[in-house]
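Data block below; observations after.
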Amino acid sequence: MNLITSVHWVVCYILSLNLYSFRRLADCTHIDQNVLVIIGDDVGFETSIYNNTVCKTPNLERLAKRSVILKHGYTSVSSCSPSRSAIMTGLPSHQNGLYGLHGSIEHFNAFDGVQSLPVMLKPHGIRTGIVGKKHVGPADVFKFDYEQTEENNPWIQVGRNITLMKQYVREFLAMNATQPFFLYVGFLDCHRCPENKYGDFCEKFGNGQPGYGDIPDWTPAYYNPDDVIVPPFLPDTPATRADISNQYTSMSRLDAGIGMLLDELTSHGYLDDTLIIYTADNGIPFPNAKTNLYESGMGEPYLISSPEDRTRWGQVSEAFASTTDILPTVLDWFGITFPTYHLNGAMVALTGHSLLPVTHQEPGSGFDQVFSSHNFHEVYMYYPMRVIRNKKYRLLHNLNYYAPYPIATDLYDNPTFKDILNRTLTGQPTKWFKTLQDYYYRAEFELYDQMNDPLELDNLAYNESYGNIFQELQQTLYKWRLDTNDYWKCYPEGVRYLSSCADLHNAPPYS
C-alpha cells in the first residue's frame with residue numbers, strides 16, 4: 001500500500017467517526033480524486049453566469065451547471081504575481097513576501113521559507129503540474145513536477161494558444177495515471193496585450209486572418225461596440241465600448257480554453273472525480289479595477305465544481321470567499337493537514353478556510369467577510385492598502401495616502417484611460433463617475449456602505465454617525481494584520497522597533 005493510499009484510508013476512518021463531516025463516506029471506495037485550478041488573467045464578470053447577457057461564454061456556463069457559483073468571490077490582492085502567490089501559498093502577499101510583480105526589473109520573490117501548494121502535495125504522492133502563466137518565484141518554492149509556462153515557452157503561446165495548451169494538458173494527464181493529480185492552468189486572457197500588432201487584448205492572435213496565425217480550437221466571437229455592457233464604474237464612451245468589445249473577443253478564447261479542459265478531463269475519464277476551481281487573479285484591466293481594492297478591483301468570478309454532491313450544482317451561494325481559500329480547500333479535498341512551519345520568526349497559520357462545506361450546503365454562519373492586502377504592482381507603484389469587506393461594508397486603509405495613486409503601464413496604455421486623460425485635458429465631460437484628482441488622491445481611510453452605495457461614492461470613514469462601525473472594522477482588520485505578521489502594521493503613524501511600534505507623531509491631519 002503506497003503513501004497516498006495509506007493516508008486516504010486513515011482519513012476515511014477518521015471521517016467515519018465524524019457524523020458532521022462534509023466529506024461523503026463513499027469516498028473510501030476509491031482514491032481517484034484530483035484537482036484542477038483554472039486562473040483567468042484580469043478577468044471579471046463578462047459572462048451570463050453573472051448576468052452579462054451579451055458576452056457569450058457557453059463553456060463557462062457548462063462548468064457553472066456542475067458548480068456552486070459564488071456571488072461574493074474576492075482576490076487577496078489585485079495584482080498578477082502577488083495574487084498568484086497568495087493562491088499557491090494560502091498567505092497574503094505581505095506575509096509570503098512576494099510584494100509585487102515577479103520577473104524582469106520588478107524581480108519580486110516570495111520568502112525562501114514559504115511552502116507552496118505543489119510542494120505540500122508532493123510528499124503525499126500527488127503529481128503536480130502547471131500549464132500557462134506562472135509568474136511567481138523563486139522556482140524552488142513554487143516547484144511543480146510538470147511545468148510548461150512562460151519560463152520555457154513564449155508568453156503568448158503558452159497562455160493564449162489553447163491548442164498548444166491542450167497538448168501540454170494531455171501530456172500531463174497521461175503521466176503516471178495511478179496517482180491523483182493537481183493541475184494548475186493559468187490562461188493569459190484577458191490581460192492586455194504588449195504585442196500591439198495583435199490588438200489591445202491580443203484578440204487578433206490566432207484568429208485565422210493573414211499575419212495573425214491560427215488556433216484551431218478557437219472560433220473568435222466578435223461584438224458590436226454598441227451592444228456591449230459598460231460597467232457602472234467606467235465611462236460610457238465610444239472609446240470604452242470599443243475597448244470592451246475587444247475584451248469580449250479575448251474572453252471567447254478563454255471560454256474555449258475552459259471547454260478544452262473539460263473535454264480533456266472527460267476524454268481521460270477524470271471529470272467525475274476532479275474538484276474544479278475557477279477564478280481570476282485580479283480585477284479587469286480598466287480604471288478603478290485592476291490594482292485597486294474597491295469592489296471593482298477585488299471582486300472575482302468564482303466557481304467550485306465538486307463531484308461529491310450534485311445537489312448543489314448550478315446553485316448561487318452568498319458565501320464570501322477569498323483566493324486564499326483555494327489552498328485550504330485543496331488540502332481538505334486530499335485529506336492533508338497544513339504543515340507546521342515558521343516564517344520570519346512567526347508561526348504560519350492560515351486565515352483562509354476550506355470551501356468544501358459550501359459545495360454541500362449553504363452555510364448558516366461564517367463565510368461572511370474577506371480581507372485583502374496590496375503593496376506593489378510594478379516596482380515604482382508603492383501604494384500599500386489593507387481592506388476588510390463584509391456583507392455590508394468595506395473599510396480600506398490607504399497606508400501611503402499622501403502620495404498619488406500610481407498607474408500601471410497597461411492601465412495607462414489603453415483606449416479607455418487615455419480617453420479619460422484627453423477629455424480631462426481638453427475640458428470635455430469624461431462621463432466617468434469620478435475625477436482624476438479624486439482617483440489619484442485618496443483619504444487614509446475609506447468606508448463604504450456596499451448595500452446602499454455600490455459605486456463607493458460616499459466615504460463614511462469620517463462621519464461620526466458611523467464611528468462605532470469604523471472602529472469595529474478597523475480593529476478586526478488590524479487583528480488580521482497581526483495574525484498574518486504584517487510588516488506594515490506600524491505604518492504610517494509609527495515604525496517597527498524591537499517587538500513593538502514606536503510612535504512617529506505622524507497622525508493624519510484631520511481635526
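Each chain in the C-alpha cells gets a letter, A, B and so on, in the order shown; residues start at 1 in every chain, and ligands are counted from 1 in the order they appear.
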Please provide the set of residues having any atom within 9 Å of Thr324 (chain A), restricted to only C-alpha atoms, with same-chain residues fewer than 2 positions apart removed, written as an MDAnalysis selection string.
-> chainID A and resid 75:76 83 86:92 321:322 326:328 350:353
So that I can check the surroundings of region 36-43 of chain A, please list as a short mmCIF file (atom, residue, chain, number, x, y, z; two decimals) with N, CA and C atoms, in the first residue's frame every protein, DNA and RNA residue that reaches within 9 Å of it, counting only C-alpha atoms and ignoring chain neighbours fewer than 5 positions away.
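selection-v2.cif, written as the output of this step:
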```
data_model
loop_
_atom_site.label_atom_id
_atom_site.label_comp_id
_atom_site.auth_asym_id
_atom_site.auth_seq_id
_atom_site.Cartn_x
_atom_site.Cartn_y
_atom_site.Cartn_z
N SER A 78 -5.08 42.69 -5.77
CA SER A 78 -5.46 42.94 -7.16
C SER A 78 -4.23 43.22 -8.03
N SER A 79 -3.34 42.24 -8.08
CA SER A 79 -2.10 42.35 -8.86
C SER A 79 -1.63 40.95 -9.21
N CYS A 80 -1.09 40.80 -10.42
CA CYS A 80 -0.82 39.47 -11.01
C CYS A 80 0.00 38.54 -10.11
N ARG A 84 -1.19 35.44 -7.47
CA ARG A 84 -0.87 34.03 -7.72
C ARG A 84 -0.08 33.43 -6.56
N LYS A 133 0.39 30.55 -17.49
CA LYS A 133 1.06 31.62 -16.75
C LYS A 133 1.37 31.18 -15.33
N PHE A 181 -3.89 13.76 -9.09
CA PHE A 181 -3.13 14.89 -9.61
C PHE A 181 -3.71 16.23 -9.16
N PHE A 182 -2.85 17.22 -9.18
CA PHE A 182 -3.21 18.62 -9.01
C PHE A 182 -2.68 19.36 -10.23
N LEU A 183 -3.59 19.91 -11.02
CA LEU A 183 -3.21 20.64 -12.23
C LEU A 183 -3.67 22.08 -12.11
N TYR A 184 -2.74 22.99 -12.33
CA TYR A 184 -2.99 24.44 -12.26
C TYR A 184 -2.82 24.99 -13.68
N VAL A 185 -3.87 25.61 -14.21
CA VAL A 185 -3.83 26.16 -15.57
C VAL A 185 -4.04 27.67 -15.49
N GLY A 186 -3.06 28.42 -15.98
CA GLY A 186 -3.14 29.87 -15.97
C GLY A 186 -3.25 30.43 -17.37
N PHE A 187 -4.46 30.86 -17.73
CA PHE A 187 -4.65 31.50 -19.04
C PHE A 187 -4.13 32.93 -19.01
N LEU A 188 -3.71 33.43 -20.16
CA LEU A 188 -3.24 34.81 -20.28
C LEU A 188 -4.37 35.76 -20.67
N ASP A 189 -5.48 35.23 -21.14
CA ASP A 189 -6.67 36.04 -21.40
C ASP A 189 -7.40 36.29 -20.08
N CYS A 190 -7.85 37.53 -19.82
CA CYS A 190 -7.99 38.67 -20.72
C CYS A 190 -7.03 39.80 -20.35
N HIS A 191 -5.76 39.48 -20.17
CA HIS A 191 -4.75 40.51 -19.92
C HIS A 191 -4.57 41.34 -21.18
N ARG A 192 -4.24 42.62 -21.00
CA ARG A 192 -3.95 43.44 -22.17
C ARG A 192 -2.67 42.96 -22.86
N MET A 251 -12.22 37.18 -24.29
CA MET A 251 -12.96 36.32 -23.36
C MET A 251 -13.44 35.06 -24.07
N LEU A 254 -10.65 32.54 -23.90
CA LEU A 254 -10.59 31.93 -22.57
C LEU A 254 -11.70 30.90 -22.41
N ILE A 258 -11.50 26.86 -21.51
CA ILE A 258 -12.19 26.14 -20.43
C ILE A 258 -12.93 24.93 -21.00
N THR A 274 -12.91 14.90 -10.22
CA THR A 274 -11.99 16.03 -10.13
C THR A 274 -12.70 17.26 -9.58
N LEU A 275 -12.13 17.83 -8.53
CA LEU A 275 -12.59 19.11 -8.00
C LEU A 275 -12.06 20.21 -8.91
N ILE A 276 -12.94 21.08 -9.40
CA ILE A 276 -12.53 22.16 -10.30
C ILE A 276 -12.84 23.49 -9.64
N ILE A 277 -11.84 24.36 -9.60
CA ILE A 277 -11.99 25.72 -9.07
C ILE A 277 -11.62 26.69 -10.18
N TYR A 278 -12.51 27.62 -10.46
CA TYR A 278 -12.24 28.66 -11.46
C TYR A 278 -12.38 30.03 -10.82
N THR A 279 -11.37 30.86 -11.02
CA THR A 279 -11.43 32.25 -10.59
C THR A 279 -10.42 33.05 -11.39
N ALA A 280 -10.07 34.25 -10.93
CA ALA A 280 -9.11 35.09 -11.63
C ALA A 280 -8.17 35.72 -10.61
N ASP A 281 -7.10 36.34 -11.14
CA ASP A 281 -6.08 36.88 -10.25
C ASP A 281 -6.44 38.26 -9.71
N ASN A 282 -7.07 39.10 -10.53
CA ASN A 282 -7.36 40.47 -10.09
C ASN A 282 -8.45 41.07 -10.96
N GLY A 283 -8.77 42.33 -10.71
CA GLY A 283 -9.82 42.99 -11.45
C GLY A 283 -9.47 43.19 -12.91
N ILE A 284 -10.46 43.58 -13.71
CA ILE A 284 -10.25 43.76 -15.14
C ILE A 284 -9.31 44.94 -15.38
N PRO A 285 -8.58 44.96 -16.52
CA PRO A 285 -7.55 45.99 -16.76
C PRO A 285 -8.13 47.31 -17.24
N LYS A 290 -8.36 46.80 -11.77
CA LYS A 290 -7.06 46.17 -11.51
C LYS A 290 -6.14 47.11 -10.74
N GLU A 300 -14.24 38.97 -7.93
CA GLU A 300 -13.81 37.99 -8.93
C GLU A 300 -14.90 36.96 -9.20
N PRO A 301 -14.95 36.43 -10.44
CA PRO A 301 -15.78 35.25 -10.67
C PRO A 301 -15.20 34.09 -9.86
N ILE A 326 -8.32 28.93 -1.55
CA ILE A 326 -8.08 27.84 -2.51
C ILE A 326 -7.16 26.79 -1.91
#
```
Find the spatial neighbours of Asp227 (chain A), counting only C-alpha atoms, within a cut-off of 9 Å - ignore same-chain residues fewer than 2 positions away - and output them as a ChimeraX atom specification.
-> /A:54,223-225,229,241,245
For the selection you just gave me, I'd like the residues written to a file as a PDB file, in the first residue's frame, keeping C-alpha atoms.
```pdb
ATOM      1  CA  VAL A  54     -24.082  39.994 -24.266  1.00  0.00           C
ATOM      2  CA  TYR A 223     -19.134  42.140 -30.811  1.00  0.00           C
ATOM      3  CA  ASN A 224     -20.591  45.432 -31.920  1.00  0.00           C
ATOM      4  CA  PRO A 225     -19.394  48.151 -29.506  1.00  0.00           C
ATOM      5  CA  ILE A 229     -22.389  46.294 -21.362  1.00  0.00           C
ATOM      6  CA  ARG A 241     -17.186  50.492 -25.784  1.00  0.00           C
ATOM      7  CA  SER A 245     -15.756  44.700 -27.442  1.00  0.00           C
TER       8      SER A 245
END
```
Selection: 7 Å around Tyr248 (chain A), only C-alpha atoms, excl. self and same-chain fewer than 4 positions, as a VMD selection string = chain A and resid 55 244 252
Keeping only all heavy atoms, write those residues as a PDB file, in the first residue's frame.
```
ATOM      1  N   CYS A  55     -21.937  39.049 -23.603  1.00  0.00           N
ATOM      2  CA  CYS A  55     -20.719  38.260 -23.807  1.00  0.00           C
ATOM      3  C   CYS A  55     -21.042  36.773 -23.659  1.00  0.00           C
ATOM      4  O   CYS A  55     -21.414  36.299 -22.581  1.00  0.00           O
ATOM      5  CB  CYS A  55     -19.659  38.682 -22.793  1.00  0.00           C
ATOM      6  SG  CYS A  55     -18.030  37.972 -23.107  1.00  0.00           S
ATOM      7  N   ILE A 244     -14.081  47.428 -24.699  1.00  0.00           N
ATOM      8  CA  ILE A 244     -14.785  46.283 -24.122  1.00  0.00           C
ATOM      9  C   ILE A 244     -15.121  45.237 -25.190  1.00  0.00           C
ATOM     10  O   ILE A 244     -15.054  44.029 -24.933  1.00  0.00           O
ATOM     11  CB  ILE A 244     -16.059  46.752 -23.394  1.00  0.00           C
ATOM     12  CG1 ILE A 244     -15.686  47.579 -22.159  1.00  0.00           C
ATOM     13  CG2 ILE A 244     -16.931  45.566 -22.982  1.00  0.00           C
ATOM     14  CD1 ILE A 244     -16.873  48.213 -21.454  1.00  0.00           C
ATOM     15  N   SER A 252     -13.756  35.165 -25.352  1.00  0.00           N
ATOM     16  CA  SER A 252     -14.223  33.980 -26.083  1.00  0.00           C
ATOM     17  C   SER A 252     -13.111  32.945 -26.223  1.00  0.00           C
ATOM     18  O   SER A 252     -13.379  31.742 -26.294  1.00  0.00           O
ATOM     19  CB  SER A 252     -14.761  34.386 -27.464  1.00  0.00           C
ATOM     20  OG  SER A 252     -13.722  34.717 -28.376  1.00  0.00           O
TER      21      SER A 252
END
```
Could you give me, as CSV, a per-residue list for region 41-89 of chain A showing, wherever an atom lies at most 6 Å from an atom of region 314-320 of chain A, the closest pair of atoms and their distance in Å to one decimal, using only C-alpha atoms and sorting by chain then residue number from low to high?
```
residue,atom,partner,partner_atom,distance
A:Ala64,CA,A:Gly314,CA,5.8
A:Lys65,CA,A:Gly314,CA,4.5
A:Arg66,CA,A:Gly314,CA,5.8
A:Ser67,CA,A:Gly314,CA,5.5
A:Val68,CA,A:Gln315,CA,5.3
A:Ile69,CA,A:Val316,CA,4.7
A:Leu70,CA,A:Ser317,CA,5.0
A:Lys71,CA,A:Glu318,CA,5.6
A:His72,CA,A:Phe320,CA,4.9
```
Which residue, A:Leu457, A:Thr476, A:Arg170, A:Asp200, has the smallest gap to Thr266 (chain A) when you use only C-alpha atoms?
->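 Among the listed residues, the smallest separation from Thr266 (chain A) belongs to A:Arg170.
Running DSSP on the backbone and keeping only helix (DSSP H, G or I), the residues of region 133-235 of chain A that qualify are Trp155, Ile156, Gln157, Val158, Gly159, Arg160, Ile162, Thr163, Leu164, Met165, Lys166, Gln167, Tyr168, Val169, Arg170, Glu171, Phe172, Leu173, Asn196, Lys197, Tyr198, Pro225, Asp226 and Asp227 of chain A.
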Could you tell me, as a ChimeraX atom specification, which residues of region 153-301 of chain A DSSP assigns to strand (DSSP E or B) when given the backbone?
-> /A:181-186,207,214,274-280,299-300
What would the file look like if the residues just selected were written as a short mmCIF file (atom, residue, chain, number, x, y, z; two decimals), in the first residue's frame with N, CA and C atoms?
```
data_model
loop_
_atom_site.label_atom_id
_atom_site.label_comp_id
_atom_site.auth_asym_id
_atom_site.auth_seq_id
_atom_site.Cartn_x
_atom_site.Cartn_y
_atom_site.Cartn_z
N PHE A 181 -3.89 13.76 -9.09
CA PHE A 181 -3.13 14.89 -9.61
C PHE A 181 -3.71 16.23 -9.16
N PHE A 182 -2.85 17.22 -9.18
CA PHE A 182 -3.21 18.62 -9.01
C PHE A 182 -2.68 19.36 -10.23
N LEU A 183 -3.59 19.91 -11.02
CA LEU A 183 -3.21 20.64 -12.23
C LEU A 183 -3.67 22.08 -12.11
N TYR A 184 -2.74 22.99 -12.33
CA TYR A 184 -2.99 24.44 -12.26
C TYR A 184 -2.82 24.99 -13.68
N VAL A 185 -3.87 25.61 -14.21
CA VAL A 185 -3.83 26.16 -15.57
C VAL A 185 -4.04 27.67 -15.49
N GLY A 186 -3.06 28.42 -15.98
CA GLY A 186 -3.14 29.87 -15.97
C GLY A 186 -3.25 30.43 -17.37
N ASN A 207 -6.50 34.32 -34.83
CA ASN A 207 -7.87 34.41 -35.35
C ASN A 207 -8.03 33.87 -36.77
N ASP A 214 -3.20 30.89 -36.50
CA ASP A 214 -4.48 30.19 -36.35
C ASP A 214 -4.44 29.30 -35.12
N THR A 274 -12.91 14.90 -10.22
CA THR A 274 -11.99 16.03 -10.13
C THR A 274 -12.70 17.26 -9.58
N LEU A 275 -12.13 17.83 -8.53
CA LEU A 275 -12.59 19.11 -8.00
C LEU A 275 -12.06 20.21 -8.91
N ILE A 276 -12.94 21.08 -9.40
CA ILE A 276 -12.53 22.16 -10.30
C ILE A 276 -12.84 23.49 -9.64
N ILE A 277 -11.84 24.36 -9.60
CA ILE A 277 -11.99 25.72 -9.07
C ILE A 277 -11.62 26.69 -10.18
N TYR A 278 -12.51 27.62 -10.46
CA TYR A 278 -12.24 28.66 -11.46
C TYR A 278 -12.38 30.03 -10.82
N THR A 279 -11.37 30.86 -11.02
CA THR A 279 -11.43 32.25 -10.59
C THR A 279 -10.42 33.05 -11.39
N ALA A 280 -10.07 34.25 -10.93
CA ALA A 280 -9.11 35.09 -11.63
C ALA A 280 -8.17 35.72 -10.61
N GLY A 299 -13.48 42.18 -6.60
CA GLY A 299 -14.47 41.17 -6.94
C GLY A 299 -14.02 40.27 -8.07
N GLU A 300 -14.24 38.97 -7.93
CA GLU A 300 -13.81 37.99 -8.93
C GLU A 300 -14.90 36.96 -9.20
#
```
Name all residues at most 12 Å from Lys418 (chain A) (count only C-alpha atoms; drop same-chain ones fewer than 5 positions away) and give them as a list in words.
-> Pro235, Thr237, Ala239, Thr240, Asp243, Phe286, Pro287, Ile407, Thr409, Asp410, Leu411, Tyr412, Asp413, Arg423, Thr424, Leu425, Thr430 and Leu436 of chain A
Can you tell me, as a PyMOL selection string, what residues are no more than 9 Å from Lys197 (chain A) when counting only C-alpha atoms, ignoring any on the same chain fewer than 6 positions away?
-> chain A and resi 204-205+212
Might you pull out every residue within 9 Å of Thr311 (chain A), with only C-alpha atoms counted and same-chain residues fewer than 4 positions away left off, and present them as a PyMOL selection string?
-> chain A and resi 315+359-361
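Here CA of Asp458 (chain A) and CA of Val387 (chain A) stand 16.8 Å from one another.
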What does the distance between CA of Tyr402 (chain A) and CA of Asp438 (chain A) come to in Å, to one decimal place?
->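 So the answer is 12.8 Å.
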Give the answer as one residue: which of A:Asn96, A:Leu399, A:Gly297, A:Leu460 has the shortest atom-to-atom distance to Asn506 (chain A), using only C-alpha atoms?
->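 Closest to Asn506 (chain A) of all the choices is A:Leu399.
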